[in-house]
Each structure stands twice: as C-alpha cells, then as structure tokens.
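J.: The structure's right below; bear with me while I get my questions together.
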Amino acid sequence: METKISKTDFALAAEYIRAGEAVAFHTETVYGLGANAFSDEAVKHIFSLKGRPSDNPLIVHVHRGYDIKPLIDSEPPYAKALREAFLPGPLTMVYPSTGKVSEYVSCGLNTLAIRVPSSVTAQKFLKEVDLPIAAPSANLSKHVSPVTAQHVMEDLCGKIPLILDGGACNGGIESTVLDCTGEVPKILRAGLVTREMIAKVAHGCEFYQKKEGEKPKSPGMSYKHYLPRCKTAFCESAEEAVKIYQAAEGTPYLLCESKTAKELEGFRVLDLGETGEEMAERLYALLHEGEKKATLLIAIQPTRKDGVMAGVLNRLHRAFGVNDGETK
Ligand code: AMP
Ligand code: MG
C-alpha cells in the first residue's frame, strides 16, 4: 500500500477511518496511529500493525466538542475542573467505562482512557470523523515514539494509507495519564501536565504506586519502550560517560543536558536543552537522530528533577533500560 503524507486531507482520513483503516495523525505530544474505537476489527488492526502486546490498553481521542458522557459511567467531583483547566491538551483522563467502545480498546480493564488533543491537525481530523479514535503512538512497539511524519514513515511506510502531517510535535513526550476513578487523582504516566499543576486544581494528586500482588492499573507502563536501534549506555556522571566514549570503537555520541554539553567541547554531543520542557521536546527527536548516527549512544543523567522532568526521566530511563527489573 502507498503511504501518503498530507497536511490537509481530513475528509480522506475520515473516509479511511470509516472503512476500518488506521491513519496516523499529528498531536501536540507525539504522532498517533488512530482507528475507530467502536470497531473491534479496526482496533485489533492497530495492535497488529504495531506488534503491540494485547494487554496494553489504548487511549481514545476525541474532538473538543465531543460528548463523552455515553462513554463514561461516572466521574469524581474534580474531573470537571481538570477538564476545564487542561483540555484540550496533553492530559489523558481515565474514567470508569460504560463499555460502549470496543472491548479491545481497554484490554479487559473496566476503565477508559480519554484524551482531547490541542493540536490543530488532530482537532480537524477528529472533528471531521466525529468518532472516538483509539490511538497509541504511531511507531512499532518498543521503538522510540515518532515526533515527525518522517519518523512515522520509517516504522509504518507501506502499512497505512495516510499520515496527517502537522509538523514536529512540540510537546515531545506522551500525555500525562491520570487515573480519575478514585477520591484523589493518581498519575499513571508522568507527562507535560505535572503533578503540581494537577494538585492545584484537584486539591491533591499522587503518583500511582503498584501494591505487592496488585494487577497493574496501567499495563503499558510495565513494557520495554522507547528503545533506540543502536547500542546504548547510561551513566550517572559525565566522567563515567567520557571513559566509555573514549574506549568505544566507531562513532559514539553523548546525550545530555546543556549544562553538561558545555563541558564536553570536542565530543560528539546531542544536547537535550536546559529546561524540562526543552528536554521533553527534544528527547525523542534526538533518540531518532542518535540511532542513525551513533554506534553507541551514551546518555548522562540530567541534574534537573522538577516538574516536567518526572516525565522526561521516566522516558529517558526506559529508553536506556535503567531500573528495568520489572519490564517485559
Ligand atoms: P501509548 O498508546 O503507547 O501512548 O500508551 C498508552 C498508555 O495509556 C499506556 O501506558 C496504557 O497503560 C495507558 N492506558 C490506556 N488505557 C488505560 C486505562 N483504561 N487505564 C489505565 N491506563 C491506560
Ligand atoms: Mg507508545
């Protein structure tokens, strides 16, 4: 199949979706691979295109005017305030589900994750199709998430008919996934909407901690993810990284924050930036660049830990297999 890249083919995209196809589309976080959430076959097609494990649930995407009431069974008092504060935007809210969408979307969980992206391209597409669109990131399972249409092409060329190109994704990491089924909202996956931002609006917010023996609330978080297709190493300090770099054959690259990059003149460096937001925006783009240029990609632990860094560090560590004991 020919894969077309287009900035404007929204009606064609909607036609493909109604015919059961999957279409990739720009969002403000990463590119999504969307299909009709009401259709078992269309949703199963997404899992097969990506090689995604069948117990890793999908997020449903809707346009800003879409009525989600038929999809959700109930909502806690803080949910409305969170929607008003952060949507459209990079926050996915998990509600008790009415089970109206395909059972394959939530992989047997009794909850449904819903997101309203702010990207103009995503909104135009979702409005045109006017259906809930189940959409994981538009990459092969385990690989680095795509932040340009070209990255989508690299993984899915010939497998999908259309990519709706909205340029580079300036959010850069996936949405915050927030469990909204309990008294206090719990972060299942850190992202651009931070714990601090949510806590201010919802009068509290915690990071979800799986209890011993409990089934994971968000199965996707226990899988290997975001892996560049080159050898990698992870170092706590620049000194340690330089030793590995100097002992390496071929073309090693260092991946680090600007502060460290400034001390590494004369080395091949991929600079993540200074702030959490900059590092989020650049991380996947640099992992894509790194896997093409480097024989060995050596990441150095950033010093910043505040705000958006919870999400950046989660992705960086998983891309480099750090604290990976429980992942499959
Ligand atoms: P991806 O599609 O790769 O961005 O991953 C989607 C993330 O959302 C995974 O970490 C899933 O575990 C999580 N997710 C999707 N649906 C649900 C749900 N109903 N409950 C909890 N987490 C979910
Ligand atoms: Mg993904």
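Simple scheme: letters A, B, ... for chains in structure tokens order, numbers from 1 for residues in each chain, numbers from 1 for ligands in the order shown.
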Give me the residues within 8 Å of A:Gly182 as a ChimeraX atom specification, counting only C-alpha atoms and dropping any in the same chain fewer than 3 places off.

T.: /A:76,179,185

J.: Do a neighbour search on A:Ile187 at 7 Å with only C-alpha atoms, toss out local chain neighbours closer than 2 positions, and write the hits as a VMD selection string.

T.: chain A and resid 177 to 179 185 189 to 190 206 to 208

J.: Quick one: residues within 7 Å of ligand 1, with only C-alpha atoms and all ligand atoms, as a ChimeraX atom specification?

T.: /A:56-59,94,106,109,111-113,135-137,174,177,179,188-189,217-221

J.: Write as a list in words the residues around ligand 2, taking 9 Å as the cut-off and counting only C-alpha atoms and all ligand atoms.

T.: Val30, Gly32, Pro136, Ser137, Ala138, Asn139, Leu140, Ser141, Lys142, His143, Val144, Ser145, Pro146, Glu174, Gly220, His225 and Tyr226 of chain A

J.: Could you tell me how far atom CA of A:Glu277 sits from atom CA of A:Glu265, in Å to one decimal place?

T.: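 Separation between atom CA of A:Glu265 and atom CA of A:Glu277: 24.1 Å.
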